[in-house]
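Note: the block below is start_34.txt and it holds compact mmCIF, C-alpha atoms.
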```
# COMPACT_ATOMS: atom_id res chain seq x y z
CA MET S 40 36.01 -0.30 -9.38
CA THR S 41 36.43 -4.04 -8.88
CA LEU S 42 33.90 -6.70 -9.81
CA LEU S 43 33.53 -7.48 -6.11
CA GLU S 44 32.52 -3.88 -5.37
CA ALA S 45 30.13 -3.94 -8.34
CA GLY S 46 28.61 -7.14 -6.95
CA MET S 47 28.16 -5.57 -3.52
CA ILE S 48 26.47 -2.48 -5.05
CA THR S 49 24.19 -4.79 -7.05
CA ILE S 50 23.14 -6.77 -3.98
CA VAL S 51 22.54 -3.67 -1.83
CA SER S 52 20.70 -1.74 -4.56
CA MET S 53 18.47 -4.66 -5.57
CA GLY S 54 17.82 -5.24 -1.87
CA ILE S 55 16.70 -1.64 -1.42
CA VAL S 56 14.47 -1.78 -4.53
CA PHE S 57 12.80 -4.98 -3.23
CA ILE S 58 12.43 -3.68 0.33
CA VAL S 59 10.88 -0.37 -0.75
CA LEU S 60 8.46 -1.97 -3.20
CA THR S 61 7.55 -4.71 -0.71
CA CYS S 62 6.77 -2.06 1.91
CA LEU S 63 4.62 -0.23 -0.64
CA MET S 64 2.82 -3.50 -1.37
CA VAL S 65 2.13 -4.04 2.33
CA ALA S 66 0.99 -0.43 2.72
CA LEU S 67 -1.40 -0.69 -0.23
CA ASN S 68 -2.90 -3.89 1.17
CA LEU S 69 -3.25 -2.23 4.55
CA ILE S 70 -4.94 0.87 3.13
CA HIS S 71 -7.34 -1.34 1.18
CA ARG S 72 -8.23 -3.36 4.31
CA ILE S 73 -8.73 -0.26 6.45
CA LEU S 74 -11.00 1.33 3.85
CA ALA S 75 -12.92 -1.94 3.36
CA SER S 76 -13.43 -2.39 7.14
CA ARG S 77 -14.56 1.23 7.49
CA GLU S 78 -17.08 0.65 4.72
CA ASP S 79 -18.33 -2.53 6.44
CA HIS S 80 -18.55 -0.67 9.75
CA HIS S 81 -20.70 2.04 8.19
CA GLY S 82 -22.88 -0.64 6.64
CA MET P 101 36.00 41.21 -54.42
CA ALA P 102 38.25 38.15 -54.40
CA ASP P 103 38.96 38.75 -50.68
CA ILE P 104 35.27 38.82 -49.91
CA ILE P 105 34.68 35.53 -51.73
CA GLN P 106 37.77 34.00 -50.11
CA ASN P 107 36.52 35.12 -46.68
CA MET P 108 33.05 33.70 -47.32
CA ILE P 109 34.49 30.34 -48.33
CA GLU P 110 36.75 30.20 -45.27
CA THR P 111 33.96 31.04 -42.86
CA SER P 112 31.40 28.73 -44.48
CA GLY P 113 30.61 25.38 -42.96
CA PHE P 114 32.20 23.57 -45.90
CA ALA P 115 35.65 24.76 -44.87
CA GLY P 116 35.32 23.11 -41.46
CA LEU P 117 33.68 19.88 -42.63
CA THR P 118 35.58 16.73 -41.62
CA TRP P 119 34.79 13.06 -42.20
CA ARG P 120 33.59 12.82 -38.60
CA HIS P 121 31.03 15.55 -39.23
CA LEU P 122 29.87 13.74 -42.35
CA VAL P 123 29.43 10.46 -40.46
CA MET P 124 27.47 12.20 -37.70
CA ILE P 125 25.27 13.96 -40.27
CA ALA P 126 24.64 10.57 -41.92
CA ILE P 127 23.70 9.09 -38.51
CA ALA P 128 21.33 12.02 -37.91
CA LEU P 129 19.70 11.43 -41.29
CA ILE P 130 19.30 7.69 -40.54
CA PHE P 131 17.62 8.54 -37.23
CA ILE P 132 15.33 11.02 -38.97
CA TYR P 133 14.43 8.28 -41.45
CA LEU P 134 13.75 5.78 -38.63
CA ALA P 135 11.62 8.30 -36.76
CA ILE P 136 9.53 9.37 -39.74
CA PHE P 137 9.23 6.26 -41.86
CA LYS P 138 9.60 3.47 -39.25
CA GLU P 139 8.01 5.46 -36.40
CA TYR P 140 10.66 4.35 -33.86
CA GLU P 141 9.85 6.57 -30.84
CA PRO P 142 9.30 9.51 -33.26
CA TYR P 143 8.44 12.03 -30.56
CA LEU P 144 11.92 11.75 -29.13
CA LEU P 145 14.02 10.37 -31.95
CA LEU P 146 13.09 13.22 -34.29
CA PRO P 147 14.34 16.06 -32.02
CA ILE P 148 17.36 13.93 -30.96
CA ALA P 149 18.29 13.38 -34.61
CA PHE P 150 17.87 17.04 -35.44
CA GLY P 151 20.00 17.98 -32.43
CA ILE P 152 22.76 15.67 -33.74
CA LEU P 153 22.44 17.33 -37.15
CA LEU P 154 22.60 20.89 -35.81
CA VAL P 155 25.60 20.37 -33.57
CA ASN P 156 27.61 18.66 -36.31
CA LEU P 157 27.28 21.48 -38.82
CA PRO P 158 30.67 23.25 -38.57
CA PHE P 159 30.81 26.88 -37.42
CA ALA P 160 27.06 26.98 -36.74
CA GLY P 161 27.87 27.60 -33.08
CA VAL P 162 24.49 26.42 -31.78
CA PHE P 163 26.19 24.81 -28.78
CA ALA P 164 28.86 27.48 -28.29
CA SER P 165 29.53 28.60 -24.72
CA PRO P 166 29.14 32.34 -24.06
CA THR P 167 32.25 34.50 -24.25
CA GLU P 168 32.80 38.18 -23.49
CA ALA P 169 32.16 39.01 -27.15
CA GLU P 170 29.41 36.49 -27.97
CA PRO P 171 26.32 35.52 -25.97
CA GLY P 172 26.57 31.77 -26.80
CA GLY P 173 24.43 29.45 -28.92
CA LEU P 174 20.74 28.76 -28.34
CA ILE P 175 21.23 25.07 -27.62
CA TYR P 176 23.91 25.90 -25.03
CA TYR P 177 21.21 27.64 -22.97
CA LEU P 178 18.52 25.04 -23.66
CA TYR P 179 21.00 22.32 -22.65
CA GLN P 180 21.21 23.78 -19.14
CA GLY P 181 17.74 22.31 -18.52
CA THR P 182 19.16 18.86 -19.22
CA ASN P 183 22.52 19.51 -17.58
CA LEU P 184 20.97 20.80 -14.36
CA GLY P 185 18.50 17.91 -14.23
CA ILE P 186 15.37 19.99 -14.87
CA TYR P 187 13.78 18.40 -17.96
CA PRO P 188 13.75 14.72 -16.84
CA PRO P 189 11.80 15.42 -13.61
CA LEU P 190 9.43 17.63 -15.61
CA ILE P 191 8.82 14.70 -17.96
CA PHE P 192 8.14 12.60 -14.86
CA LEU P 193 5.63 15.20 -13.71
CA CYS P 194 3.82 14.88 -17.05
CA LEU P 195 4.17 11.09 -16.97
CA GLY P 196 2.57 10.98 -13.51
CA ALA P 197 -0.41 12.93 -14.84
CA SER P 198 -0.74 10.42 -17.69
CA THR P 199 -0.31 7.24 -15.63
CA ASP P 200 -3.12 5.20 -14.15
CA PHE P 201 -1.72 3.41 -11.11
CA GLY P 202 -5.12 1.69 -10.65
CA PRO P 203 -3.98 -1.77 -11.88
CA LEU P 204 -1.04 -1.60 -9.46
CA ILE P 205 -3.19 -0.52 -6.50
CA ALA P 206 -5.73 -3.25 -7.33
CA ASN P 207 -3.04 -5.93 -7.34
CA PRO P 208 -0.09 -4.69 -5.20
CA LYS P 209 1.73 -8.03 -5.61
CA THR P 210 2.75 -6.83 -9.07
CA LEU P 211 5.07 -4.31 -7.39
CA LEU P 212 7.45 -7.21 -6.81
CA LEU P 213 7.56 -7.93 -10.55
CA GLY P 214 8.51 -4.30 -11.12
CA ALA P 215 11.35 -4.80 -8.64
CA ALA P 216 12.60 -8.08 -10.14
CA ALA P 217 12.84 -6.64 -13.65
CA GLN P 218 15.34 -4.03 -12.42
CA PHE P 219 17.95 -6.78 -12.27
CA GLY P 220 18.73 -5.93 -15.91
CA ILE P 221 20.16 -2.58 -14.74
CA PHE P 222 22.68 -4.28 -12.51
CA ALA P 223 23.56 -7.00 -15.02
CA ALA P 224 24.59 -4.28 -17.47
CA PHE P 225 26.32 -2.35 -14.67
CA PHE P 226 28.31 -5.45 -13.83
CA GLY P 227 29.09 -6.05 -17.53
CA ALA P 228 30.27 -2.45 -17.98
CA ILE P 229 32.66 -2.76 -15.01
CA PHE P 230 33.91 -6.03 -16.52
CA LEU P 231 34.60 -4.22 -19.81
CA GLY P 232 36.71 -1.63 -18.02
CA MET P 233 34.32 1.31 -17.68
CA THR P 234 34.40 3.51 -14.59
CA GLY P 235 31.77 3.04 -11.88
CA MET P 236 29.91 6.20 -12.91
CA GLU P 237 29.89 5.24 -16.59
CA ALA P 238 28.79 1.69 -15.70
CA ALA P 239 25.89 3.01 -13.60
CA SER P 240 24.78 5.22 -16.50
CA VAL P 241 24.99 2.29 -18.92
CA GLY P 242 23.12 0.01 -16.54
CA ILE P 243 20.20 2.39 -16.14
CA ILE P 244 19.35 1.81 -19.84
CA GLY P 245 17.85 -1.43 -18.46
CA GLY P 246 15.33 0.64 -16.51
CA ALA P 247 13.68 1.23 -19.92
CA ASP P 248 12.87 4.68 -18.76
CA GLY P 249 14.32 7.49 -20.88
CA PRO P 250 14.02 10.39 -18.40
CA THR P 251 15.56 8.30 -15.58
CA ALA P 252 18.45 7.27 -17.83
CA ILE P 253 19.06 10.88 -18.90
CA TYR P 254 18.76 12.20 -15.33
CA LEU P 255 21.26 9.73 -13.92
CA THR P 256 23.70 10.11 -16.82
CA THR P 257 23.76 13.93 -16.58
CA ARG P 258 24.69 13.48 -12.93
CA LEU P 259 27.30 10.73 -13.32
CA ALA P 260 28.70 10.58 -16.87
CA PRO P 261 27.46 13.49 -19.03
CA HIS P 262 30.07 12.78 -21.72
CA ILE P 263 28.18 9.63 -22.79
CA LEU P 264 24.71 11.18 -22.48
CA SER P 265 23.78 11.11 -26.16
CA VAL P 266 24.77 7.45 -26.60
CA ILE P 267 22.84 6.44 -23.48
CA ALA P 268 19.73 8.35 -24.57
CA VAL P 269 19.80 6.99 -28.10
CA ALA P 270 20.37 3.42 -26.82
CA ALA P 271 17.60 3.72 -24.19
CA TYR P 272 14.99 5.06 -26.60
CA SER P 273 16.03 2.72 -29.41
CA TYR P 274 15.62 -0.35 -27.23
CA MET P 275 12.31 0.95 -25.91
CA ALA P 276 11.12 1.15 -29.52
CA LEU P 277 12.43 -2.38 -30.09
CA VAL P 278 10.62 -3.92 -27.09
CA PRO P 279 8.11 -5.71 -29.38
CA ILE P 280 11.07 -7.43 -31.09
CA ILE P 281 13.30 -8.07 -28.04
CA GLN P 282 10.77 -9.37 -25.52
CA PRO P 283 8.61 -12.06 -27.21
CA PRO P 284 11.44 -14.59 -27.85
CA ILE P 285 12.59 -14.27 -24.21
CA ILE P 286 9.04 -14.62 -22.87
CA ASN P 287 8.40 -17.70 -25.03
CA ALA P 288 11.73 -19.30 -24.18
CA LEU P 289 11.14 -19.01 -20.43
CA THR P 290 7.46 -19.98 -20.19
CA THR P 291 5.48 -23.08 -21.11
CA PRO P 292 2.35 -22.87 -23.33
CA GLU P 293 0.27 -23.79 -20.24
CA GLU P 294 1.74 -20.88 -18.26
CA ARG P 295 1.09 -18.47 -21.12
CA LYS P 296 -2.57 -19.52 -21.16
CA ILE P 297 -3.15 -18.72 -17.46
CA LYS P 298 -6.09 -16.37 -17.07
CA MET P 299 -5.90 -13.86 -14.25
CA SER P 300 -8.99 -12.98 -12.23
CA MET P 301 -10.70 -9.65 -12.85
CA GLN P 302 -9.26 -6.72 -10.96
CA ARG P 303 -11.23 -5.12 -8.15
CA THR P 304 -12.41 -1.51 -8.35
CA VAL P 305 -9.97 0.95 -6.83
CA LYS P 306 -11.44 3.62 -4.56
CA LYS P 307 -10.63 7.28 -5.06
CA THR P 308 -9.18 7.50 -1.53
CA GLU P 309 -6.68 4.78 -2.42
CA ARG P 310 -5.71 6.59 -5.60
CA ILE P 311 -5.09 9.80 -3.64
CA LEU P 312 -3.23 8.16 -0.76
CA PHE P 313 -0.93 6.19 -3.09
CA PRO P 314 1.15 9.11 -4.48
CA ILE P 315 1.35 10.82 -1.09
CA PHE P 316 2.46 7.71 0.77
CA THR P 317 4.88 6.64 -1.98
CA THR P 318 6.56 10.06 -2.02
CA ILE P 319 7.01 10.18 1.75
CA PHE P 320 8.23 6.61 2.04
CA VAL P 321 10.60 6.58 -0.95
CA ALA P 322 12.03 9.99 -0.03
CA LEU P 323 12.76 8.79 3.50
CA VAL P 324 14.40 5.53 2.40
CA VAL P 325 16.18 6.71 -0.78
CA PRO P 326 16.46 10.53 -0.62
CA ALA P 327 18.38 10.59 -3.92
CA ALA P 328 15.25 9.31 -5.71
CA THR P 329 13.04 12.10 -4.30
CA THR P 330 13.24 14.42 -7.32
CA LEU P 331 12.06 11.81 -9.82
CA ILE P 332 9.55 10.05 -7.58
CA GLY P 333 8.30 13.36 -6.15
CA CYS P 334 7.57 14.77 -9.61
CA LEU P 335 5.99 11.50 -10.80
CA MET P 336 3.73 11.37 -7.77
CA LEU P 337 2.85 15.08 -7.89
CA GLY P 338 1.69 14.60 -11.48
CA ASN P 339 -0.33 11.57 -10.42
CA LEU P 340 -1.88 13.38 -7.44
CA ILE P 341 -2.90 16.24 -9.75
CA ARG P 342 -4.58 13.64 -12.00
CA GLU P 343 -6.28 11.62 -9.27
CA SER P 344 -7.47 14.61 -7.22
CA GLU P 345 -9.77 15.52 -10.15
CA VAL P 346 -9.97 19.09 -8.87
CA VAL P 347 -7.56 20.61 -11.41
CA PRO P 348 -8.55 19.05 -14.75
CA LYS P 349 -6.92 21.87 -16.74
CA LEU P 350 -3.57 21.22 -15.04
CA THR P 351 -3.93 17.52 -15.80
CA GLU P 352 -4.71 18.22 -19.43
CA THR P 353 -1.78 20.64 -19.75
CA LEU P 354 0.63 18.15 -18.22
CA GLN P 355 -0.63 15.27 -20.37
CA ASN P 356 -0.41 17.20 -23.61
CA ALA P 357 1.16 20.65 -24.07
CA MET P 358 3.81 20.49 -21.37
CA MET P 359 4.77 16.89 -22.14
CA TYR P 360 5.41 17.74 -25.80
CA ILE P 361 7.25 21.00 -25.06
CA VAL P 362 9.64 19.38 -22.59
CA THR P 363 10.09 16.40 -24.92
CA ILE P 364 11.28 18.68 -27.74
CA LEU P 365 13.71 20.49 -25.43
CA LEU P 366 15.02 17.26 -23.94
CA GLY P 367 15.39 15.49 -27.28
CA LEU P 368 17.03 18.41 -29.03
CA THR P 369 19.57 19.05 -26.28
CA VAL P 370 20.40 15.37 -25.75
CA GLY P 371 20.97 14.98 -29.49
CA ALA P 372 23.11 18.10 -29.53
CA LYS P 373 25.41 16.46 -27.01
CA ALA P 374 26.34 13.84 -29.65
CA GLU P 375 29.87 14.96 -30.33
CA ALA P 376 31.68 12.93 -32.99
CA ASP P 377 34.66 12.10 -30.74
CA ILE P 378 32.43 10.37 -28.19
CA PHE P 379 29.79 8.99 -30.52
CA LEU P 380 32.24 7.45 -33.00
CA SER P 381 34.20 5.43 -30.47
CA ILE P 382 34.43 1.80 -29.45
CA ASP P 383 32.65 2.72 -26.19
CA THR P 384 29.47 3.40 -28.20
CA ILE P 385 29.41 -0.21 -29.40
CA LYS P 386 30.00 -1.41 -25.83
CA ILE P 387 27.13 0.76 -24.55
CA ILE P 388 24.75 -0.41 -27.29
CA LEU P 389 25.54 -4.08 -26.54
CA LEU P 390 25.30 -3.61 -22.77
CA GLY P 391 21.97 -1.81 -23.22
CA LEU P 392 20.65 -4.83 -25.11
CA LEU P 393 21.94 -7.09 -22.33
CA ALA P 394 20.15 -4.92 -19.76
CA PHE P 395 16.82 -5.19 -21.60
CA CYS P 396 17.15 -8.95 -22.09
CA VAL P 397 18.17 -9.69 -18.49
CA GLY P 398 15.46 -7.34 -17.16
CA THR P 399 12.80 -9.12 -19.21
CA ALA P 400 14.11 -12.56 -18.23
CA SER P 401 14.33 -11.76 -14.50
CA GLY P 402 10.79 -10.34 -14.58
CA VAL P 403 9.43 -13.47 -16.26
CA LEU P 404 11.37 -15.81 -13.94
CA PHE P 405 10.09 -13.96 -10.89
CA GLY P 406 6.63 -14.17 -12.44
CA LYS P 407 7.05 -17.96 -12.62
CA LEU P 408 8.00 -18.00 -8.95
CA MET P 409 4.95 -15.92 -8.05
CA CYS P 410 2.79 -18.20 -10.22
CA ARG P 411 3.96 -21.19 -8.15
CA LEU P 412 3.54 -19.40 -4.81
CA THR P 413 0.03 -18.15 -5.66
CA LYS P 414 -0.96 -21.52 -7.16
CA GLY P 415 -1.48 -20.19 -10.67
CA GLU P 416 -3.03 -16.81 -9.89
CA ILE P 417 -0.32 -14.91 -11.78
CA ASN P 418 0.49 -15.35 -15.46
CA PRO P 419 4.32 -15.31 -15.50
CA MET P 420 4.38 -13.36 -18.76
CA ILE P 421 3.29 -10.15 -16.99
CA GLY P 422 6.71 -10.12 -15.28
CA ALA P 423 8.20 -9.00 -18.62
CA ALA P 424 6.23 -5.76 -18.33
CA GLY P 425 8.18 -4.94 -15.16
CA VAL P 426 10.98 -3.42 -17.25
CA SER P 427 8.85 -0.26 -17.51
CA ALA P 428 8.76 0.96 -21.18
CA VAL P 429 5.18 2.08 -20.54
CA PRO P 430 2.86 0.99 -22.14
CA MET P 431 4.80 -0.85 -24.85
CA ALA P 432 5.95 -3.76 -22.64
CA ALA P 433 2.40 -4.31 -21.29
CA ARG P 434 1.07 -4.35 -24.85
CA VAL P 435 3.66 -6.95 -25.85
CA VAL P 436 2.56 -9.21 -22.96
CA HIS P 437 -1.09 -8.70 -23.90
CA LYS P 438 -0.34 -9.62 -27.52
CA GLU P 439 1.58 -12.74 -26.52
CA GLY P 440 -1.34 -13.74 -24.28
CA LEU P 441 -3.78 -13.39 -27.16
CA LYS P 442 -1.53 -15.47 -29.41
CA ASN P 443 -1.81 -18.39 -26.99
CA ASP P 444 -5.46 -17.89 -26.11
CA PRO P 445 -7.56 -15.34 -28.04
CA THR P 446 -9.79 -14.87 -24.97
CA ASN P 447 -6.96 -14.08 -22.55
CA TYR P 448 -6.81 -10.32 -21.97
CA LEU P 449 -3.70 -9.48 -19.96
CA LEU P 450 -3.29 -5.77 -20.71
CA MET P 451 -4.61 -4.38 -17.41
CA HIS P 452 -2.82 -7.08 -15.41
CA ALA P 453 0.45 -6.27 -17.18
CA MET P 454 -0.01 -2.54 -16.51
CA GLY P 455 0.56 -3.25 -12.77
CA PRO P 456 4.21 -4.38 -13.11
CA ASN P 457 4.64 -1.93 -15.98
CA VAL P 458 3.98 1.15 -13.82
CA ALA P 459 5.76 -0.49 -10.87
CA GLY P 460 8.79 -0.62 -13.16
CA ILE P 461 8.80 3.20 -13.37
CA ILE P 462 9.00 3.41 -9.58
CA GLY P 463 11.52 0.57 -9.41
CA SER P 464 13.88 2.10 -11.96
CA ALA P 465 13.70 5.52 -10.27
CA ILE P 466 14.60 3.89 -6.93
CA ALA P 467 17.44 1.94 -8.58
CA ALA P 468 18.70 5.23 -10.10
CA GLY P 469 18.46 6.83 -6.65
CA THR P 470 20.55 4.09 -5.04
CA LEU P 471 23.23 4.41 -7.75
CA LEU P 472 23.19 8.18 -7.41
CA ALA P 473 23.52 7.94 -3.63
CA TYR P 474 26.52 5.62 -4.00
CA PHE P 475 28.44 7.53 -6.65
CA LYS P 476 27.73 11.14 -5.59
```
Would you mind writing the file out in structure tokens?
Amino acid sequence: MTLLEAGMITIVSMGIVFIVLTCLMVALNLIHRILASREDHHG
Amino acid sequence: MADIIQNMIETSGFAGLTWRHLVMIAIALIFIYLAIFKEYEPYLLLPIAFGILLVNLPFAGVFASPTEAEPGGLIYYLYQGTNLGIYPPLIFLCLGASTDFGPLIANPKTLLLGAAAQFGIFAAFFGAIFLGMTGMEAASVGIIGGADGPTAIYLTTRLAPHILSVIAVAAYSYMALVPIIQPPIINALTTPEERKIKMSMQRTVKKTERILFPIFTTIFVALVVPAATTLIGCLMLGNLIRESEVVPKLTETLQNAMMYIVTILLGLTVGAKAEADIFLSIDTIKIILLGLLAFCVGTASGVLFGKLMCRLTKGEINPMIGAAGVSAVPMAARVVHKEGLKNDPTNYLLMHAMGPNVAGIIGSAIAAGTLLAYFK
């Protein structure tokens, strides 16, 4: 394996790790907002 | 009579003892010493060391493969649980039942710190390729930076089983050395003002959030990185069992009995894979050094990303908690907490650092999944 290939794998893999964890972050924020608004709605 | 004595001498372990066996036995004894008297990850280092000892006693045959005449050694059969990738996910199952993802759910931003700290994996991967290792070996070396023993063992059994024992010993040794490795890096990359930043109190996390988190994470991660499903699935199943609160006996079993049973089996079999030819080679030194590089770069990238988040959030985040993103639960979070107290005795960072700390488990499992997907 060349260093160039290793670099490409690094970029793609780190990209995937960031994308997945960012999506989880957004989802957690969303779940929190939905639950909070439901609580507000029910008084 | 003389024949009997002659036969006994020839079939005794002494007859087969070589200098390599003696060195490996000495290494096993050093590890036993470190585990018992220095308490370096004793739960794992002790069975690993004893596994090294057993397999390097000549003619004992504990790791012998079955033949038509002989059924094979005990450790040969136990090793199948490691070889087939059964024990590491089971450890993840137990880990999930022991992990409180509350600090992460309360402050989801910390997920990004768990992602940033995975850069150490790829720095070591890159370094290993540079030093002439194959792609599969390099990936196994890199995953040491995930600071997650079961993930490192799982990936290595899949990609480079011949270096399994070195990887496991390096991963667990560095995890034990986190309190020594991390503080100088944290202090070098942060200012005293940054280290004194107090983070606001975390909100209460609702039970619904705690239950939805493992379910959503499993579905999402499995769809994006299918190769990470086994590890993440087991981790999240364990966590769902814990958070559901309807099966307390299962939770207790996973947190205690099962965790310890699987740990013994995993440690013993990983140690038994320490064959002298592999262990006493120049590659071992390379792996040990690259493992250290992975830990240092992972810590540094976590802290640097923490600094970036500190700027973007106008001082809401203490950059030090980024160091906990390397996983090594809960050791890395404790190190951050201790460093916080050193700079301000009223600054309690433990729960804040637990967010990136548990995010690191997920991050390293995803990183392992991407490497597995590429090389398999």
Counting all atoms listed in the file, which residues from chain P have an atom at most 6 Å from any atom of chain S, and could you show them as a PyMOL selection string? chain P and resi 208+211+215+222+226+235+470
What lies within 10 Å of stretch 344-359 of chain P using all atoms listed in the file, ignoring chain neighbours under 2 positions off, as a ChimeraX atom specification? /P:190-199,307-308,310-311,338-342,361-364
For P:Thr290: contacts at 10 Å, all atoms listed in the file, fewer than 6 positions along chain excluded, given as a PyMOL selection string: chain P and resi 403-404+406-407+418-420
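With atom CA of P:Lys298 on one side and atom CA of P:Val426 on the other, the separation reads 21.4 Å.
For the atom pair formed by atom CA of P:Ala465 and atom CA of P:Asn207, the distance is 20.5 Å, given to one decimal.
Compared by their closest atoms to P:Thr384, and using all atoms listed in the file, the residues P:Thr413, P:Ser401, P:Thr318, P:Ser265 rank with P:Ser265 nearest.
Put simply, atom CA of P:Ile417 is 24.9 Å away from atom CA of S:Ile73.
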Is there a way to get, as a PyMOL selection string, all residues within 9 Å of the point (-4.0, -5.3, -7.6) in file coordinates, counting only C-alpha atoms? (chain S and resi 68) or (chain P and resi 202-210+302-303+305+452+455)
List as a list in words: which residues have an atom within 7 Å of (22.3, 4.3, -11.5), counting all atoms listed in the file? Ala239, Ser240, Gly242, Ile243, Leu255, Ala467, Ala468, Gly469, Thr470, Leu471 and Leu472 of chain P
Written file, previous selection with C-alpha atoms, as a PDB file, keeping the file's coordinate frame:
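Output (selection-v1.pdb):
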```
ATOM      1  CA  ALA P 239      25.890   3.010 -13.600  1.00  0.00           C
ATOM      2  CA  SER P 240      24.780   5.220 -16.500  1.00  0.00           C
ATOM      3  CA  GLY P 242      23.120   0.010 -16.540  1.00  0.00           C
ATOM      4  CA  ILE P 243      20.200   2.390 -16.140  1.00  0.00           C
ATOM      5  CA  LEU P 255      21.260   9.730 -13.920  1.00  0.00           C
ATOM      6  CA  ALA P 467      17.440   1.940  -8.580  1.00  0.00           C
ATOM      7  CA  ALA P 468      18.700   5.230 -10.100  1.00  0.00           C
ATOM      8  CA  GLY P 469      18.460   6.830  -6.650  1.00  0.00           C
ATOM      9  CA  THR P 470      20.550   4.090  -5.040  1.00  0.00           C
ATOM     10  CA  LEU P 471      23.230   4.410  -7.750  1.00  0.00           C
ATOM     11  CA  LEU P 472      23.190   8.180  -7.410  1.00  0.00           C
TER      12      LEU P 472
END
```
Some atoms are absent from stretch 50-62 of chain S, so rebuild N, CA, C and O atoms and return them as a PDB file, in the coordinates of the input.
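Result file result-v1.pdb:
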```pdb
ATOM      1  N   ILE S  50      23.929  -6.111  -5.041  1.00  0.00           N
ATOM      2  CA  ILE S  50      23.140  -6.770  -3.980  1.00  0.00           C
ATOM      3  C   ILE S  50      22.412  -5.736  -3.115  1.00  0.00           C
ATOM      4  O   ILE S  50      21.215  -5.843  -2.862  1.00  0.00           O
ATOM      5  N   VAL S  51      23.145  -4.698  -2.704  1.00  0.00           N
ATOM      6  CA  VAL S  51      22.540  -3.670  -1.830  1.00  0.00           C
ATOM      7  C   VAL S  51      21.420  -2.931  -2.568  1.00  0.00           C
ATOM      8  O   VAL S  51      20.319  -2.753  -2.026  1.00  0.00           O
ATOM      9  N   SER S  52      21.694  -2.524  -3.816  1.00  0.00           N
ATOM     10  CA  SER S  52      20.700  -1.740  -4.560  1.00  0.00           C
ATOM     11  C   SER S  52      19.440  -2.561  -4.844  1.00  0.00           C
ATOM     12  O   SER S  52      18.317  -2.077  -4.661  1.00  0.00           O
ATOM     13  N   MET S  53      19.637  -3.814  -5.306  1.00  0.00           N
ATOM     14  CA  MET S  53      18.470  -4.660  -5.570  1.00  0.00           C
ATOM     15  C   MET S  53      17.696  -4.903  -4.281  1.00  0.00           C
ATOM     16  O   MET S  53      16.464  -4.956  -4.281  1.00  0.00           O
ATOM     17  N   GLY S  54      18.457  -5.056  -3.189  1.00  0.00           N
ATOM     18  CA  GLY S  54      17.820  -5.240  -1.870  1.00  0.00           C
ATOM     19  C   GLY S  54      16.943  -4.052  -1.527  1.00  0.00           C
ATOM     20  O   GLY S  54      15.792  -4.223  -1.099  1.00  0.00           O
ATOM     21  N   ILE S  55      17.479  -2.856  -1.740  1.00  0.00           N
ATOM     22  CA  ILE S  55      16.700  -1.640  -1.420  1.00  0.00           C
ATOM     23  C   ILE S  55      15.456  -1.556  -2.305  1.00  0.00           C
ATOM     24  O   ILE S  55      14.356  -1.272  -1.819  1.00  0.00           O
ATOM     25  N   VAL S  56      15.619  -1.840  -3.612  1.00  0.00           N
ATOM     26  CA  VAL S  56      14.470  -1.780  -4.530  1.00  0.00           C
ATOM     27  C   VAL S  56      13.374  -2.746  -4.045  1.00  0.00           C
ATOM     28  O   VAL S  56      12.196  -2.387  -3.949  1.00  0.00           O
ATOM     29  N   PHE S  57      13.780  -3.970  -3.690  1.00  0.00           N
ATOM     30  CA  PHE S  57      12.800  -4.980  -3.230  1.00  0.00           C
ATOM     31  C   PHE S  57      12.152  -4.561  -1.908  1.00  0.00           C
ATOM     32  O   PHE S  57      10.939  -4.684  -1.742  1.00  0.00           O
ATOM     33  N   ILE S  58      12.980  -4.064  -0.983  1.00  0.00           N
ATOM     34  CA  ILE S  58      12.430  -3.680   0.330  1.00  0.00           C
ATOM     35  C   ILE S  58      11.408  -2.550   0.176  1.00  0.00           C
ATOM     36  O   ILE S  58      10.302  -2.610   0.719  1.00  0.00           O
ATOM     37  N   VAL S  59      11.780  -1.523  -0.597  1.00  0.00           N
ATOM     38  CA  VAL S  59      10.880  -0.370  -0.750  1.00  0.00           C
ATOM     39  C   VAL S  59       9.571  -0.800  -1.422  1.00  0.00           C
ATOM     40  O   VAL S  59       8.477  -0.458  -0.951  1.00  0.00           O
ATOM     41  N   LEU S  60       9.687  -1.574  -2.492  1.00  0.00           N
ATOM     42  CA  LEU S  60       8.460  -1.970  -3.200  1.00  0.00           C
ATOM     43  C   LEU S  60       7.634  -2.974  -2.385  1.00  0.00           C
ATOM     44  O   LEU S  60       6.405  -2.968  -2.460  1.00  0.00           O
ATOM     45  N   THR S  61       8.304  -3.799  -1.584  1.00  0.00           N
ATOM     46  CA  THR S  61       7.550  -4.710  -0.710  1.00  0.00           C
ATOM     47  C   THR S  61       6.783  -3.905   0.348  1.00  0.00           C
ATOM     48  O   THR S  61       5.614  -4.200   0.644  1.00  0.00           O
ATOM     49  N   CYS S  62       7.444  -2.906   0.910  1.00  0.00           N
ATOM     50  CA  CYS S  62       6.770  -2.060   1.910  1.00  0.00           C
ATOM     51  C   CYS S  62       5.575  -1.341   1.280  1.00  0.00           C
ATOM     52  O   CYS S  62       4.515  -1.230   1.900  1.00  0.00           O
TER      53      CYS S  62
END
```
